[in-house]
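Trainee: Enclosed is the structure file input32.txt (compact mmCIF, C-alpha atoms and all ligand atoms).
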```txt
# COMPACT_ATOMS: atom_id res chain seq x y z
CA MET A 30 109.92 108.83 94.10
CA ARG A 31 108.74 105.22 94.35
CA ARG A 32 105.14 104.56 93.35
CA ARG A 33 103.42 102.62 96.11
CA LEU A 34 102.06 99.15 95.34
CA ALA A 35 99.21 97.21 96.96
CA ALA A 36 99.50 93.63 95.74
CA GLY A 37 97.08 90.79 96.43
CA ASN A 38 98.04 87.13 96.21
CA TRP A 39 94.99 84.91 95.81
CA LYS A 40 97.14 81.76 96.09
CA MET A 41 95.07 78.63 95.16
CA ASN A 42 91.77 80.42 95.68
CA GLY A 43 89.23 81.82 93.27
CA LEU A 44 86.77 80.68 90.62
CA GLY A 45 84.95 82.61 87.93
CA ALA A 46 82.22 83.31 90.45
CA ASP A 47 84.68 85.41 92.48
CA LEU A 48 85.46 87.90 89.71
CA GLY A 49 82.86 90.29 91.11
CA GLU A 50 85.41 91.11 93.83
CA VAL A 51 87.69 92.53 91.14
CA GLU A 52 84.94 94.64 89.62
CA ALA A 53 84.16 96.03 93.06
CA LEU A 54 87.80 96.95 93.66
CA ALA A 55 88.15 98.51 90.20
CA ALA A 56 85.05 100.63 90.80
CA ALA A 57 86.26 101.78 94.23
CA HIS A 58 89.85 102.62 93.23
CA GLY A 59 89.57 103.80 89.64
CA GLU A 60 91.27 107.12 90.39
CA SER A 61 93.94 105.68 92.67
CA GLY A 62 97.33 107.37 92.81
CA ILE A 63 99.03 104.09 93.66
CA ASP A 64 99.57 100.82 91.79
CA ILE A 65 97.13 98.03 92.61
CA LEU A 66 97.81 94.44 91.61
CA LEU A 67 95.97 91.14 91.92
CA CYS A 68 97.68 87.80 91.36
CA PRO A 69 94.97 85.16 90.80
CA PRO A 70 95.50 81.50 89.98
CA ALA A 71 96.58 81.06 86.34
CA THR A 72 93.11 79.81 85.38
CA LEU A 73 91.65 83.26 86.09
CA LEU A 74 94.41 85.46 84.66
CA GLU A 75 92.89 86.20 81.29
CA ARG A 76 89.31 86.58 82.51
CA MET A 77 90.43 88.85 85.32
CA SER A 78 92.58 90.99 83.05
CA ARG A 79 89.55 91.70 80.84
CA ILE A 80 87.60 93.31 83.69
CA SER A 81 90.28 94.65 86.01
CA GLY A 82 90.43 98.19 84.59
CA PRO A 83 93.11 100.11 86.53
CA ILE A 84 94.14 97.04 88.54
CA ALA A 85 97.21 95.26 87.19
CA ILE A 86 97.28 91.47 87.01
CA GLY A 87 100.13 89.13 87.87
CA GLY A 88 101.04 85.46 87.99
CA GLN A 89 102.08 83.58 91.13
CA ASP A 90 105.01 81.74 89.52
CA CYS A 91 106.57 81.18 86.10
CA ALA A 92 108.96 78.72 84.52
CA SER A 93 112.59 79.60 84.01
CA LYS A 94 112.47 77.99 80.54
CA GLU A 95 110.94 79.83 77.59
CA HIS A 96 108.95 76.88 76.18
CA GLY A 97 109.16 73.18 75.50
CA ALA A 98 108.55 69.83 77.17
CA HIS A 99 107.71 71.00 80.71
CA THR A 100 104.25 69.62 81.44
CA GLY A 101 102.21 71.78 83.75
CA ASP A 102 104.58 74.74 83.71
CA ILE A 103 103.70 78.21 82.47
CA SER A 104 106.24 80.50 80.84
CA ALA A 105 106.64 84.19 81.54
CA ALA A 106 105.61 85.00 77.96
CA MET A 107 102.39 83.01 78.50
CA LEU A 108 101.59 85.05 81.60
CA LYS A 109 102.17 88.24 79.65
CA ASP A 110 100.03 86.96 76.80
CA ALA A 111 97.20 86.31 79.30
CA GLY A 112 97.35 89.93 80.51
CA ALA A 113 99.88 89.81 83.35
CA SER A 114 102.43 92.55 83.94
CA TYR A 115 103.88 91.17 87.20
CA VAL A 116 104.77 87.75 88.60
CA ILE A 117 105.39 86.71 92.22
CA LEU A 118 108.52 84.56 92.47
CA GLY A 119 110.08 82.62 95.34
CA HIS A 120 107.05 82.86 97.64
CA SER A 121 107.84 80.85 100.78
CA GLU A 122 104.99 78.45 99.95
CA ARG A 123 106.68 77.60 96.64
CA ARG A 124 110.10 77.39 98.29
CA ALA A 125 108.57 74.93 100.83
CA ASP A 126 106.07 73.01 98.67
CA HIS A 127 108.21 72.76 95.52
CA GLY A 128 111.73 72.94 96.92
CA GLU A 129 112.53 76.12 95.00
CA SER A 130 116.07 77.30 95.70
CA ASP A 131 117.48 80.81 95.40
CA THR A 132 119.04 79.74 92.10
CA ASP A 133 115.66 78.56 90.79
CA VAL A 134 114.10 81.88 91.79
CA ARG A 135 116.90 83.87 90.13
CA GLU A 136 116.48 81.94 86.86
CA LYS A 137 112.71 82.49 86.96
CA ALA A 138 113.23 86.20 87.65
CA ARG A 139 115.63 86.40 84.72
CA ALA A 140 113.02 84.78 82.46
CA ALA A 141 110.24 87.03 83.77
CA ILE A 142 112.24 90.20 83.19
CA ALA A 143 113.29 89.05 79.71
CA ALA A 144 109.60 88.57 78.87
CA GLY A 145 108.79 92.11 80.00
CA LEU A 146 107.25 91.29 83.38
CA CYS A 147 108.03 92.91 86.71
CA ALA A 148 109.34 90.22 89.09
CA ILE A 149 108.21 90.37 92.73
CA VAL A 150 110.96 88.39 94.47
CA CYS A 151 109.98 87.17 97.95
CA VAL A 152 112.41 86.73 100.81
CA GLY A 153 111.81 85.92 104.46
CA GLU A 154 113.13 84.05 107.46
CA SER A 155 111.56 81.14 109.35
CA LEU A 156 110.72 81.38 113.04
CA GLU A 157 113.74 79.23 113.92
CA GLU A 158 116.01 81.53 111.93
CA ARG A 159 114.62 84.62 113.66
CA GLU A 160 114.90 83.07 117.09
CA ALA A 161 118.51 82.15 116.34
CA ALA A 162 119.16 85.84 115.47
CA ASN A 163 119.96 84.85 111.87
CA THR A 164 117.33 86.96 110.14
CA LEU A 165 119.63 89.41 108.36
CA ASP A 166 122.06 86.69 107.26
CA ILE A 167 119.18 84.70 105.78
CA ILE A 168 117.68 87.71 104.03
CA GLY A 169 121.10 88.77 102.72
CA GLY A 170 121.69 85.30 101.28
CA GLN A 171 118.26 85.15 99.66
CA LEU A 172 118.72 88.59 98.10
CA ALA A 173 122.16 87.71 96.73
CA GLY A 174 120.98 84.35 95.40
CA SER A 175 117.49 85.14 94.12
CA ILE A 176 117.89 88.47 92.33
CA PRO A 177 119.48 88.43 88.86
CA ASP A 178 122.02 91.04 87.78
CA LEU A 179 120.12 93.17 85.30
CA VAL A 180 117.36 94.75 87.35
CA THR A 181 115.80 98.20 87.56
CA GLY A 182 113.11 99.89 89.63
CA GLU A 183 110.67 99.02 86.85
CA ASN A 184 111.31 95.29 86.59
CA LEU A 185 111.99 94.31 90.22
CA VAL A 186 109.99 94.52 93.45
CA VAL A 187 111.23 92.83 96.63
CA ALA A 188 108.69 91.48 99.14
CA TYR A 189 109.82 90.84 102.71
CA GLU A 190 107.59 88.11 104.07
CA PRO A 191 108.61 86.52 107.37
CA VAL A 192 107.50 82.90 106.97
CA TRP A 193 106.10 82.84 110.50
CA ALA A 194 103.81 85.79 109.73
CA ILE A 195 102.21 84.40 106.56
CA GLY A 196 98.63 83.27 107.09
CA THR A 197 99.16 83.03 110.85
CA GLY A 198 97.70 86.30 112.08
CA LYS A 199 101.12 87.08 113.64
CA VAL A 200 102.48 90.35 112.27
CA ALA A 201 106.11 91.40 112.53
CA THR A 202 106.57 94.41 114.80
CA LEU A 203 107.14 97.78 113.16
CA GLU A 204 110.72 97.66 114.47
CA GLN A 205 111.31 94.24 112.88
CA ILE A 206 109.82 95.39 109.59
CA GLY A 207 111.85 98.61 109.64
CA GLU A 208 115.11 96.82 110.40
CA VAL A 209 114.72 94.32 107.55
CA HIS A 210 113.46 96.86 105.01
CA ASP A 211 116.38 99.21 105.77
CA PHE A 212 118.73 96.25 105.40
CA ILE A 213 117.21 95.23 102.05
CA ARG A 214 117.46 98.82 100.79
CA ALA A 215 121.13 99.02 101.82
CA ARG A 216 121.92 95.69 100.13
CA LEU A 217 120.20 96.76 96.90
CA GLU A 218 122.08 100.07 96.89
CA ARG A 219 125.38 98.30 97.53
CA ARG A 220 124.87 95.80 94.69
CA PHE A 221 123.09 97.89 92.08
CA GLY A 222 124.13 101.44 92.97
CA ALA A 223 122.10 104.17 94.64
CA GLY A 224 119.96 104.96 91.58
CA VAL A 225 118.57 101.48 91.06
CA GLY A 226 118.80 100.53 94.75
CA ARG A 227 116.60 103.43 95.78
CA SER A 228 114.06 102.92 93.00
CA VAL A 229 113.14 99.28 93.72
CA ARG A 230 109.91 99.04 95.69
CA LEU A 231 109.90 97.03 98.93
CA LEU A 232 106.68 95.36 100.08
CA TYR A 233 105.91 93.88 103.48
CA GLY A 234 103.84 90.70 103.56
CA GLY A 235 102.52 88.64 106.46
CA SER A 236 99.01 88.95 107.92
CA VAL A 237 98.45 92.50 106.65
CA LYS A 238 94.84 93.39 107.51
CA PRO A 239 92.67 96.52 107.40
CA ASP A 240 93.39 97.22 111.08
CA ASN A 241 97.20 97.05 110.92
CA ALA A 242 97.90 98.34 107.40
CA ALA A 243 98.23 102.06 108.17
CA ALA A 244 100.83 101.46 110.91
CA ILE A 245 102.86 99.17 108.62
CA PHE A 246 102.73 101.75 105.80
CA SER A 247 104.16 104.39 108.15
CA VAL A 248 107.46 102.48 108.38
CA PRO A 249 110.25 104.01 106.25
CA ASN A 250 111.20 101.92 103.20
CA VAL A 251 107.82 100.15 103.19
CA ASP A 252 106.42 100.97 99.74
CA GLY A 253 103.35 98.76 100.00
CA ALA A 254 102.19 95.29 100.88
CA LEU A 255 101.84 91.79 99.49
CA VAL A 256 98.54 90.61 100.93
CA GLY A 257 97.27 87.04 100.97
CA GLY A 258 94.06 86.22 102.83
CA ALA A 259 92.84 89.81 103.08
CA SER A 260 93.05 90.30 99.29
CA LEU A 261 90.33 87.75 98.50
CA LYS A 262 87.42 90.02 99.35
CA ALA A 263 87.08 93.59 98.14
CA ALA A 264 85.65 94.51 101.55
CA ASP A 265 89.00 93.57 103.16
CA PHE A 266 91.45 94.60 100.45
CA SER A 267 89.84 97.96 99.72
CA PRO A 268 90.59 99.49 103.17
CA ILE A 269 94.19 98.26 102.89
CA ILE A 270 94.48 99.98 99.49
CA THR A 271 92.93 103.12 100.98
CA ALA A 272 95.46 103.07 103.86
CA LEU A 273 98.28 102.93 101.30
CA GLU A 274 96.73 105.70 99.21
CA GLN A 275 96.68 107.88 102.34
CA ALA A 276 100.16 106.92 103.60
C1 LIG A 301 101.16 85.97 101.25
O1 LIG A 301 100.57 85.02 100.79
O2 LIG A 301 102.09 86.44 100.62
C2 LIG A 301 100.73 86.51 102.53
C3 LIG A 301 101.41 87.49 103.05
O3 LIG A 301 99.61 85.94 103.12
P1 LIG A 301 98.75 86.54 104.34
O4 LIG A 301 98.50 88.00 104.05
O5 LIG A 301 97.49 85.74 104.35
O6 LIG A 301 99.57 86.36 105.59
```
Could you rewrite the structure in this file as structure tokens?
Ligand code: PEP
Mentor:
Amino acid sequence: MRRRLAAGNWKMNGLGADLGEVEALAAAHGESGIDILLCPPATLLERMSRISGPIAIGGQDCASKEHGAHTGDISAAMLKDAGASYVILGHSERRADHGESDTDVREKARAAIAAGLCAIVCVGESLEEREAANTLDIIGGQLAGSIPDLVTGENLVVAYEPVWAIGTGKVATLEQIGEVHDFIRARLERRFGAGVGRSVRLLYGGSVKPDNAAAIFSVPNVDGALVGGASLKAADFSPIITALEQA
């Protein structure tokens, strides 16, 4: 049985003044039967982890190196030391803004897992790739290239985030989500065996909002969501969490 996961990605948003949103979420979902996660900018990790109660905290990226002369980078062990238990890796914004390749993402995931974090590896096709009917090829390649060998249901989560649905208000149809999630599940089972393949949680991400969350959570093989814009305010994220609790 996979434990459902509602994950929020604050991206480059959030100051100390916004930490009240976390307290509100923690108060509203203290008895939740699902996992709830917030991934703030690195500057807020430690402060957020002190007040987040039942809500887990994660980073938005980590270095593949353990330490050393890498100005501006943050290692997986540093995230853990600041209170993180998860890290988002290979988000399409990092693949686009920082040229991160599948190999880069795999090395980061390896480092994250070695440090005791759960790696949320993001995959997703562009609009051009979908329109060219290449979606499953692209996702298959990203899965093969971005996920390291030694994974389990505890240290890996896969997030399917169609690039064209992130921050655009365009949501993939339930059929599109179902097709890709079934494909990801089959690929994980083929590579890692049925035990591990069936235990890895699969999140959908891309304009998840309070009014579409319940329908998305009804799709088989959707174990939760990775939420960007709607995770910034407790008033928006809380109904999404509730929809997942009730799914
Ligand atoms: C994301 O940042 O991963 C994301 C899915 O963003 P949004 O929910 O705003 O589309």
Trainee: Can you tell me which residues sit at most 6 Å away from ligand LIG 301 (chain A), counting all atoms listed in the file, written as an mmCIF file with C-alpha atoms, in the frame of the given file?
Mentor:
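Result file follows (pocket28.cif):
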```cif
data_model
loop_
_atom_site.group_PDB
_atom_site.id
_atom_site.type_symbol
_atom_site.label_atom_id
_atom_site.label_comp_id
_atom_site.auth_asym_id
_atom_site.auth_seq_id
_atom_site.Cartn_x
_atom_site.Cartn_y
_atom_site.Cartn_z
ATOM 1 C CA ASN A 38 98.040 87.130 96.210
ATOM 2 C CA ALA A 194 103.810 85.790 109.730
ATOM 3 C CA ILE A 195 102.210 84.400 106.560
ATOM 4 C CA GLY A 196 98.630 83.270 107.090
ATOM 5 C CA GLY A 234 103.840 90.700 103.560
ATOM 6 C CA GLY A 235 102.520 88.640 106.460
ATOM 7 C CA SER A 236 99.010 88.950 107.920
ATOM 8 C CA VAL A 237 98.450 92.500 106.650
ATOM 9 C CA LEU A 255 101.840 91.790 99.490
ATOM 10 C CA VAL A 256 98.540 90.610 100.930
ATOM 11 C CA GLY A 257 97.270 87.040 100.970
ATOM 12 C CA GLY A 258 94.060 86.220 102.830
#
```
Trainee: I'd like the contact shell of stretch 209-218 of chain A - 9 Å cut-off, only C-alpha atoms, skipping same-chain residues fewer than 4 positions apart - returned as a PyMOL selection string.
Mentor: chain A and resi 164-165+168-169+172-173+187+189+204-205+222-227+229+231-233+248-251
Trainee: Of the candidates A:Cys147, A:Lys238, A:Ser61, A:Arg79, which one gets nearest to A:Thr197 if we count all atoms listed in the file?
Mentor: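 Checking each of A:Cys147, A:Lys238, A:Ser61, A:Arg79 against A:Thr197, counting all atoms listed in the file, the winner is A:Lys238.
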Trainee: What gap, in Å, lies between atom CA of A:Lys262 and atom CA of A:Leu54?
Mentor: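 Computed distance, atom CA of A:Lys262 to atom CA of A:Leu54, equals 9.0 Å.
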Trainee: To one decimal place in Å, what is the distance between atom CA of A:Gly198 and atom CA of A:Ala46?
Mentor: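 About the pair atom CA of A:Gly198 and atom CA of A:Ala46: they are 26.8 Å apart.
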Trainee: Kindly indicate which residue among A:Asn241, A:Ser78, A:Ser260, A:Ser247 lies nearest to A:Ala36, using only C-alpha atoms for the distances.
Mentor: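 Closest to A:Ala36 of all the choices is A:Ser260.
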Trainee: Counting all atoms listed in the file, figure out which residue out of A:Val186, A:Ile117, A:Leu179, A:Val200 gets nearest to A:Arg33.
Mentor: A:Val186
Trainee: Might you pull out every residue within 12 Å of A:Ile65, with only C-alpha atoms counted and same-chain residues fewer than 4 positions away left off, and present them as number ranges by chain?
Mentor: A: 32-38, 51, 54-55, 57-61, 81-87, 114-115, 253-256, 260, 266-267, 269-271, 273-274
Trainee: Report, in Å with one decimal, the straight-line distance from atom CA of A:Met107 to atom CA of A:Ser175.
Mentor: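 Calculated distance between atom CA of A:Met107 and atom CA of A:Ser175 is 21.8 Å.
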Trainee: Which is closest to A:Ala56 among A:Ile80, A:Leu74, A:Ile167, A:Gly112, if we use all atoms listed in the file?
Mentor: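 For A:Ala56, the nearest of the candidates is A:Ile80.
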Trainee: Smallest atom-to-atom distance to A:Glu75: which of A:Val192, A:Ala244, A:Ala113, A:Ala161, using all atoms listed in the file?
Mentor: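 Using all atoms listed in the file, the shortest distance to A:Glu75 belongs to A:Ala113.
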Trainee: Using all atoms listed in the file, which of A:Ser228, A:Ser93, A:Gln171, A:Ser155 sits nearest A:Trp193?
Mentor: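 Checking each candidate against A:Trp193, we get A:Ser155 as the closest.
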Trainee: Find the residues with any atom within 12 Å of (106.3, 81.1, 87.3); use all atoms listed in the file and the coordinates as given in the file, and write the answer as a ChimeraX atom specification.
Mentor: /A:68,70-71,87-95,101-109,113,115-120,123,127,129,133-142,144,146-150
